[in-house]
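Data block below; observations after.
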Amino acid sequence: MQYSTKILNTPSSFIRNILKVTGEADVISFAGGLPNPISFPTEQLQQAVNRSIEEQGTKLFQYSTTQGYEPLRELIAAKYKKFGLDIHKDDVLITTGSQQALELLGKVLINPGDGVVMEAPGYLGAIQAFTLAEPEFFSITLEEDGLDVEELAATLAANPHIKMIYTVPNFHNPTGITYSREKRQAIYDVVKNYDVILVEDDPYGELRFRGESLPYMGGGRLENSVLLGSFSKTVTPGMRIGWFVTKNKELMGYMETAKQATDLHTNIFSQYVIHDYLSHNAYEEHVEKIISLYREQADCMIAAMEKYFPDTVKFTKPEGGMFIWVTLEEGVSALQLFDQAMEQKVAFVPGDPFYTNAENINTLRLNYTNSTPEVIEEGIRRLGALLHQTSAVKA
């Protein structure tokens, strides 16, 4: 059988694959990007399911429109008013998680060889989705406060075939960093001069437990702005309800056409249920409970890392979201360390899959949201002991 080059060149999800080997009961896993299941509003969702069936009847089980359930799109549009953005329901397309929006963007925008700017490191799911469109990736260094602006400007100036810039500005996956206000403005000042799509993927933005909420870079200011969001981190990931937002009517039309060709429409049952849940419950109060939970877990992991890790190991201190990024000593391969860590029954994600052009690098990602404080303490203790051994060998 001869397979397409696009699928042969698309990496299998490293994270999904290692979850198969980290799922054993005795393994402490910081590898997944899983919301804490105790945050799921199970009882309220049960009520929403029952109410939706009683009130909507067969509509929940019938084909529906591609753009999505209109009342849900209205609620999503209203979420952006706190940022001063004039988003209308017709600017919103409901997708099967925000992951589908990435794949659709690749279909709509990218011809083989077209340029896509990625953060380095960047979100593995975006790398995977865009690779199917066979682009040329341009990796821009991600600094502690956002993309390296000079590097971005030089790359755009030298490569007119770049079509899209992909970013995760709030509580970045994998690093946990947040773009600063100054860096957001500087990136806007560069991008406004080019005919490129600026994607701001924001699945974690509501999960801020420190600092101030910051404006989007392109939202409300760039004609080619795209905002992505999801209920996966605040209500339930299993229902796969995400969204794509743009004021660019032409782009929206092509995205809708691509979605029609892909799956006709997003699961309408889930759309009705999520809308009912949002209409009958205090969503903001629910999110505040998640924020409180994740703040405790993040603080616990940071305290344990300060206690158990060698001083030569550096790590980010996120203001929200789900991840911490660890930088090991130069010359230490996180991929090799992963195998040693699994022998100690503790798992993380090595940094390699988050780059388009790097191997055996000295970084790794930790997730703190799916473990109790006691488990976090023990897992970091095991990992710290291994890191001290590694430092001793290098010395």
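Lettering and numbering for the structure tokens are positional, with chains as A, B, ... in the shown order, residues counted from 1 in each chain, and ligands counted from 1 in the shown order.
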A:Leu147 surroundings by only C-alpha atoms, 12 Å radius, close-in-sequence under 3 positions cut, as a PyMOL selection string: chain A and resi 117-122+139-144+150-153+165-169+172+177-180+182-188+190+217
All residues 9 Å or closer to A:Val49, only C-alpha atoms, same chain fewer than 2 positions away omitted, as a ChimeraX atom specification: /A:44-47,51-54,269-270,272-274,276-277
Non-local contacts of stretch 317-321 of chain A (10 Å; only C-alpha atoms; under 6 positions in same chain excluded) as JSON, numbers by chain: {"A": [35, 170, 171, 172, 173, 175, 176, 177, 178, 203, 204, 205, 206, 207, 208, 209, 210, 211, 212, 233, 291, 294, 295, 298, 299, 301, 302, 367, 368, 369]}
Filtered DSSP result for stretch 176-212 of chain A, state helix (DSSP H, G or I), as a ChimeraX atom specification: /A:181-191
A:Asn267 surroundings by only C-alpha atoms, 10 Å radius, close-in-sequence under 2 positions cut, as a list in words: Leu60, Phe61, Gln62, Tyr63, Ser64, Gly68, Tyr69, Ile94, Thr95, Thr96, Met239, Arg240, Ile241, Asp263, Leu264, His265, Phe269, Ser270, Gln271 and Tyr272 of chain A
Dump of C-alpha atoms for the selected residues, as a short mmCIF file (atom, residue, chain, number, x, y, z; two decimals), in the first residue's frame:
data_model
loop_
_atom_site.label_atom_id
_atom_site.label_comp_id
_atom_site.auth_asym_id
_atom_site.auth_seq_id
_atom_site.Cartn_x
_atom_site.Cartn_y
_atom_site.Cartn_z
CA LEU A 60 -30.75 16.64 19.83
CA PHE A 61 -30.56 13.60 17.56
CA GLN A 62 -31.00 15.20 14.12
CA TYR A 63 -28.52 16.67 11.66
CA SER A 64 -27.84 20.36 12.25
CA GLY A 68 -23.25 25.55 15.15
CA TYR A 69 -26.17 26.02 17.52
CA ILE A 94 -18.38 25.74 16.59
CA THR A 95 -15.68 23.11 16.08
CA THR A 96 -14.94 19.65 17.43
CA MET A 239 -17.87 16.69 24.71
CA ARG A 240 -15.28 18.23 22.34
CA ILE A 241 -16.84 21.70 22.06
CA ASP A 263 -17.81 16.27 9.38
CA LEU A 264 -20.92 18.28 8.36
CA HIS A 265 -21.25 19.75 11.87
CA PHE A 269 -26.17 16.85 21.33
CA SER A 270 -23.10 18.23 23.09
CA GLN A 271 -23.86 21.73 21.86
CA TYR A 272 -27.38 21.69 23.30
#
Coordinates-based distance that separates atom CA of A:Gly106 from atom CA of A:Ala158 (Å, one decimal):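 It comes out at 21.8 Å.
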For A:Arg181, the nearest of the candidates A:Asp145, A:Asp26, A:Glu285, A:Glu374, counting only C-alpha atoms: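 Looking at the shortest contact to A:Arg181, the residue is A:Asp145.
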Who sits within 10 Å of stretch 379-392 of chain A, only C-alpha atoms, same chain under 2 positions skipped, as a VMD selection string: chain A and resid 27 to 30 300 to 313 328 to 329 332 337 to 338 340 to 342 344 to 348 366 371 373 to 377 394 to 395
Grab the residues selected above and save them as a tab-separated table (two decimals), in the first residue's frame with N, CA and C atoms.
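Once written, part_22.tsv looks like this:
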chain	number	residue	atom	x	y	z
A	27	VAL	N	2.19	4.27	38.37
A	27	VAL	CA	2.99	5.31	37.73
A	27	VAL	C	2.42	6.69	38.09
A	28	ILE	N	3.27	7.57	38.58
A	28	ILE	CA	2.87	8.96	38.81
A	28	ILE	C	3.12	9.70	37.51
A	29	SER	N	2.04	10.16	36.88
A	29	SER	CA	2.18	10.76	35.57
A	29	SER	C	1.91	12.26	35.60
A	30	PHE	N	2.93	13.01	35.19
A	30	PHE	CA	2.79	14.44	34.93
A	30	PHE	C	2.82	14.68	33.42
A	300	CYS	N	2.02	23.77	44.89
A	300	CYS	CA	2.58	22.55	45.48
A	300	CYS	C	3.73	22.02	44.63
A	301	MET	N	3.55	22.01	43.31
A	301	MET	CA	4.60	21.49	42.44
A	301	MET	C	5.82	22.40	42.46
A	302	ILE	N	5.60	23.70	42.42
A	302	ILE	CA	6.73	24.64	42.45
A	302	ILE	C	7.51	24.51	43.75
A	303	ALA	N	6.79	24.41	44.88
A	303	ALA	CA	7.45	24.27	46.18
A	303	ALA	C	8.26	22.97	46.23
A	304	ALA	N	7.71	21.90	45.67
A	304	ALA	CA	8.43	20.62	45.67
A	304	ALA	C	9.66	20.69	44.77
A	305	MET	N	9.56	21.38	43.64
A	305	MET	CA	10.70	21.51	42.74
A	305	MET	C	11.80	22.33	43.40
A	306	GLU	N	11.43	23.38	44.10
A	306	GLU	CA	12.43	24.19	44.81
A	306	GLU	C	13.10	23.38	45.91
A	307	LYS	N	12.37	22.42	46.46
A	307	LYS	CA	12.89	21.59	47.55
A	307	LYS	C	13.78	20.47	47.04
A	308	TYR	N	13.37	19.81	45.95
A	308	TYR	CA	14.03	18.58	45.53
A	308	TYR	C	14.93	18.71	44.30
A	309	PHE	N	14.74	19.70	43.45
A	309	PHE	CA	15.53	19.79	42.22
A	309	PHE	C	16.90	20.44	42.48
A	310	PRO	N	17.91	20.05	41.72
A	310	PRO	CA	19.20	20.73	41.82
A	310	PRO	C	19.07	22.20	41.42
A	311	ASP	N	19.95	23.04	41.93
A	311	ASP	CA	19.91	24.47	41.60
A	311	ASP	C	20.20	24.72	40.13
A	312	THR	N	20.82	23.77	39.47
A	312	THR	CA	21.16	23.92	38.06
A	312	THR	C	19.96	23.72	37.14
A	313	VAL	N	18.85	23.23	37.67
A	313	VAL	CA	17.63	23.01	36.89
A	313	VAL	C	16.71	24.22	37.04
A	328	LEU	N	16.81	21.58	31.85
A	328	LEU	CA	17.85	20.81	32.52
A	328	LEU	C	19.22	21.40	32.18
A	329	GLU	N	20.25	20.83	32.77
A	329	GLU	CA	21.61	21.26	32.46
A	329	GLU	C	21.91	21.01	30.98
A	332	VAL	N	22.08	17.44	28.77
A	332	VAL	CA	21.22	16.38	29.31
A	332	VAL	C	20.03	16.19	28.38
A	337	LEU	N	16.33	10.82	29.80
A	337	LEU	CA	15.90	10.91	31.20
A	337	LEU	C	14.51	10.30	31.38
A	338	PHE	N	13.67	10.39	30.35
A	338	PHE	CA	12.33	9.83	30.44
A	338	PHE	C	12.38	8.33	30.73
A	340	GLN	N	14.72	6.64	32.19
A	340	GLN	CA	15.17	6.45	33.57
A	340	GLN	C	14.06	6.78	34.57
A	341	ALA	N	13.29	7.84	34.26
A	341	ALA	CA	12.19	8.23	35.14
A	341	ALA	C	11.11	7.16	35.19
A	342	MET	N	10.85	6.53	34.06
A	342	MET	CA	9.84	5.48	34.04
A	342	MET	C	10.24	4.30	34.90
A	344	GLN	N	11.58	4.66	37.67
A	344	GLN	CA	11.21	5.13	39.01
A	344	GLN	C	9.70	5.38	39.11
A	345	LYS	N	8.97	4.97	38.07
A	345	LYS	CA	7.51	5.08	38.04
A	345	LYS	C	7.03	6.54	38.12
A	346	VAL	N	7.70	7.43	37.39
A	346	VAL	CA	7.25	8.81	37.28
A	346	VAL	C	7.44	9.24	35.82
A	347	ALA	N	6.45	9.96	35.27
A	347	ALA	CA	6.46	10.28	33.84
A	347	ALA	C	6.28	11.77	33.61
A	348	PHE	N	6.89	12.24	32.52
A	348	PHE	CA	6.75	13.61	32.04
A	348	PHE	C	6.80	13.57	30.53
A	366	LEU	N	5.87	19.44	32.52
A	366	LEU	CA	5.16	18.82	33.63
A	366	LEU	C	3.75	19.37	33.70
A	371	SER	N	-3.18	15.65	39.51
A	371	SER	CA	-2.58	14.90	40.62
A	371	SER	C	-2.89	15.62	41.94
A	373	PRO	N	-1.95	16.94	45.80
A	373	PRO	CA	-0.71	17.49	46.35
A	373	PRO	C	0.24	16.41	46.86
A	374	GLU	N	-0.30	15.36	47.47
A	374	GLU	CA	0.55	14.28	47.99
A	374	GLU	C	1.26	13.55	46.85
A	375	VAL	N	0.55	13.30	45.77
A	375	VAL	CA	1.14	12.62	44.62
A	375	VAL	C	2.17	13.53	43.94
A	376	ILE	N	1.86	14.82	43.83
A	376	ILE	CA	2.82	15.77	43.26
A	376	ILE	C	4.12	15.77	44.05
A	377	GLU	N	4.01	15.84	45.38
A	377	GLU	CA	5.19	15.85	46.24
A	377	GLU	C	6.05	14.61	46.01
A	394	LYS	N	27.46	14.04	35.56
A	394	LYS	CA	28.08	15.06	34.70
A	394	LYS	C	29.29	15.68	35.38
A	395	ALA	N	29.21	15.84	36.72
A	395	ALA	CA	30.33	16.43	37.45
A	395	ALA	C	31.54	15.50	37.43
Long-range neighbours of A:Pro37 as number ranges by chain, 10 Å cut-off, only C-alpha atoms, 3 positions minimum in chain: A: 34, 40-42, 235-237, 369-370
Among the residues A:Thr372, A:Ser279, A:Lys82, A:Gly57, the one that comes closest to A:Leu214 [using only C-alpha atoms]: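 Nearest candidate to A:Leu214 out of A:Thr372, A:Ser279, A:Lys82, A:Gly57: A:Lys82.
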Picked from stretch 66-203 of chain A by DSSP as strand (DSSP E), as an MDAnalysis selection string: chainID A and resid 92:96 115:120 136:143 146:147 162:167 197:201
Could you turn the residues from that selection into a file that holds C-alpha atoms, as a compact mmCIF listing (two decimals), in the first residue's frame?
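Wrote it out as result.txt, contents follow:
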# COMPACT_ATOMS: atom_id res chain seq x y z
CA VAL A 92 -18.21 32.16 15.62
CA LEU A 93 -17.88 28.66 14.19
CA ILE A 94 -18.38 25.74 16.59
CA THR A 95 -15.68 23.11 16.08
CA THR A 96 -14.94 19.65 17.43
CA GLY A 115 5.10 29.14 5.40
CA VAL A 116 3.76 28.71 8.94
CA VAL A 117 5.37 30.46 11.91
CA MET A 118 5.47 28.38 15.08
CA GLU A 119 6.68 29.16 18.57
CA ALA A 120 9.77 27.20 19.61
CA GLU A 136 7.43 24.98 5.58
CA PHE A 137 7.73 25.65 9.31
CA PHE A 138 9.55 28.72 10.64
CA SER A 139 10.36 28.33 14.31
CA ILE A 140 10.64 31.57 16.30
CA THR A 141 12.28 31.52 19.72
CA LEU A 142 9.81 31.76 22.58
CA GLU A 143 11.23 33.97 25.29
CA GLY A 146 6.53 35.85 24.29
CA LEU A 147 7.98 35.50 20.80
CA ILE A 162 4.38 32.82 5.10
CA LYS A 163 0.61 32.51 5.46
CA MET A 164 0.03 32.08 9.18
CA ILE A 165 1.48 32.75 12.64
CA TYR A 166 0.34 30.40 15.41
CA THR A 167 0.56 31.45 19.07
CA ILE A 197 -3.28 35.18 9.60
CA LEU A 198 -2.46 35.66 13.30
CA VAL A 199 -3.88 32.78 15.33
CA GLU A 200 -4.26 33.22 19.10
CA ASP A 201 -5.17 29.85 20.54
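The residue that comes closest to A:Ser39, out of A:Lys249, A:Lys59, A:Lys289, A:His161 and on the basis of only C-alpha atoms, is A:Lys289.
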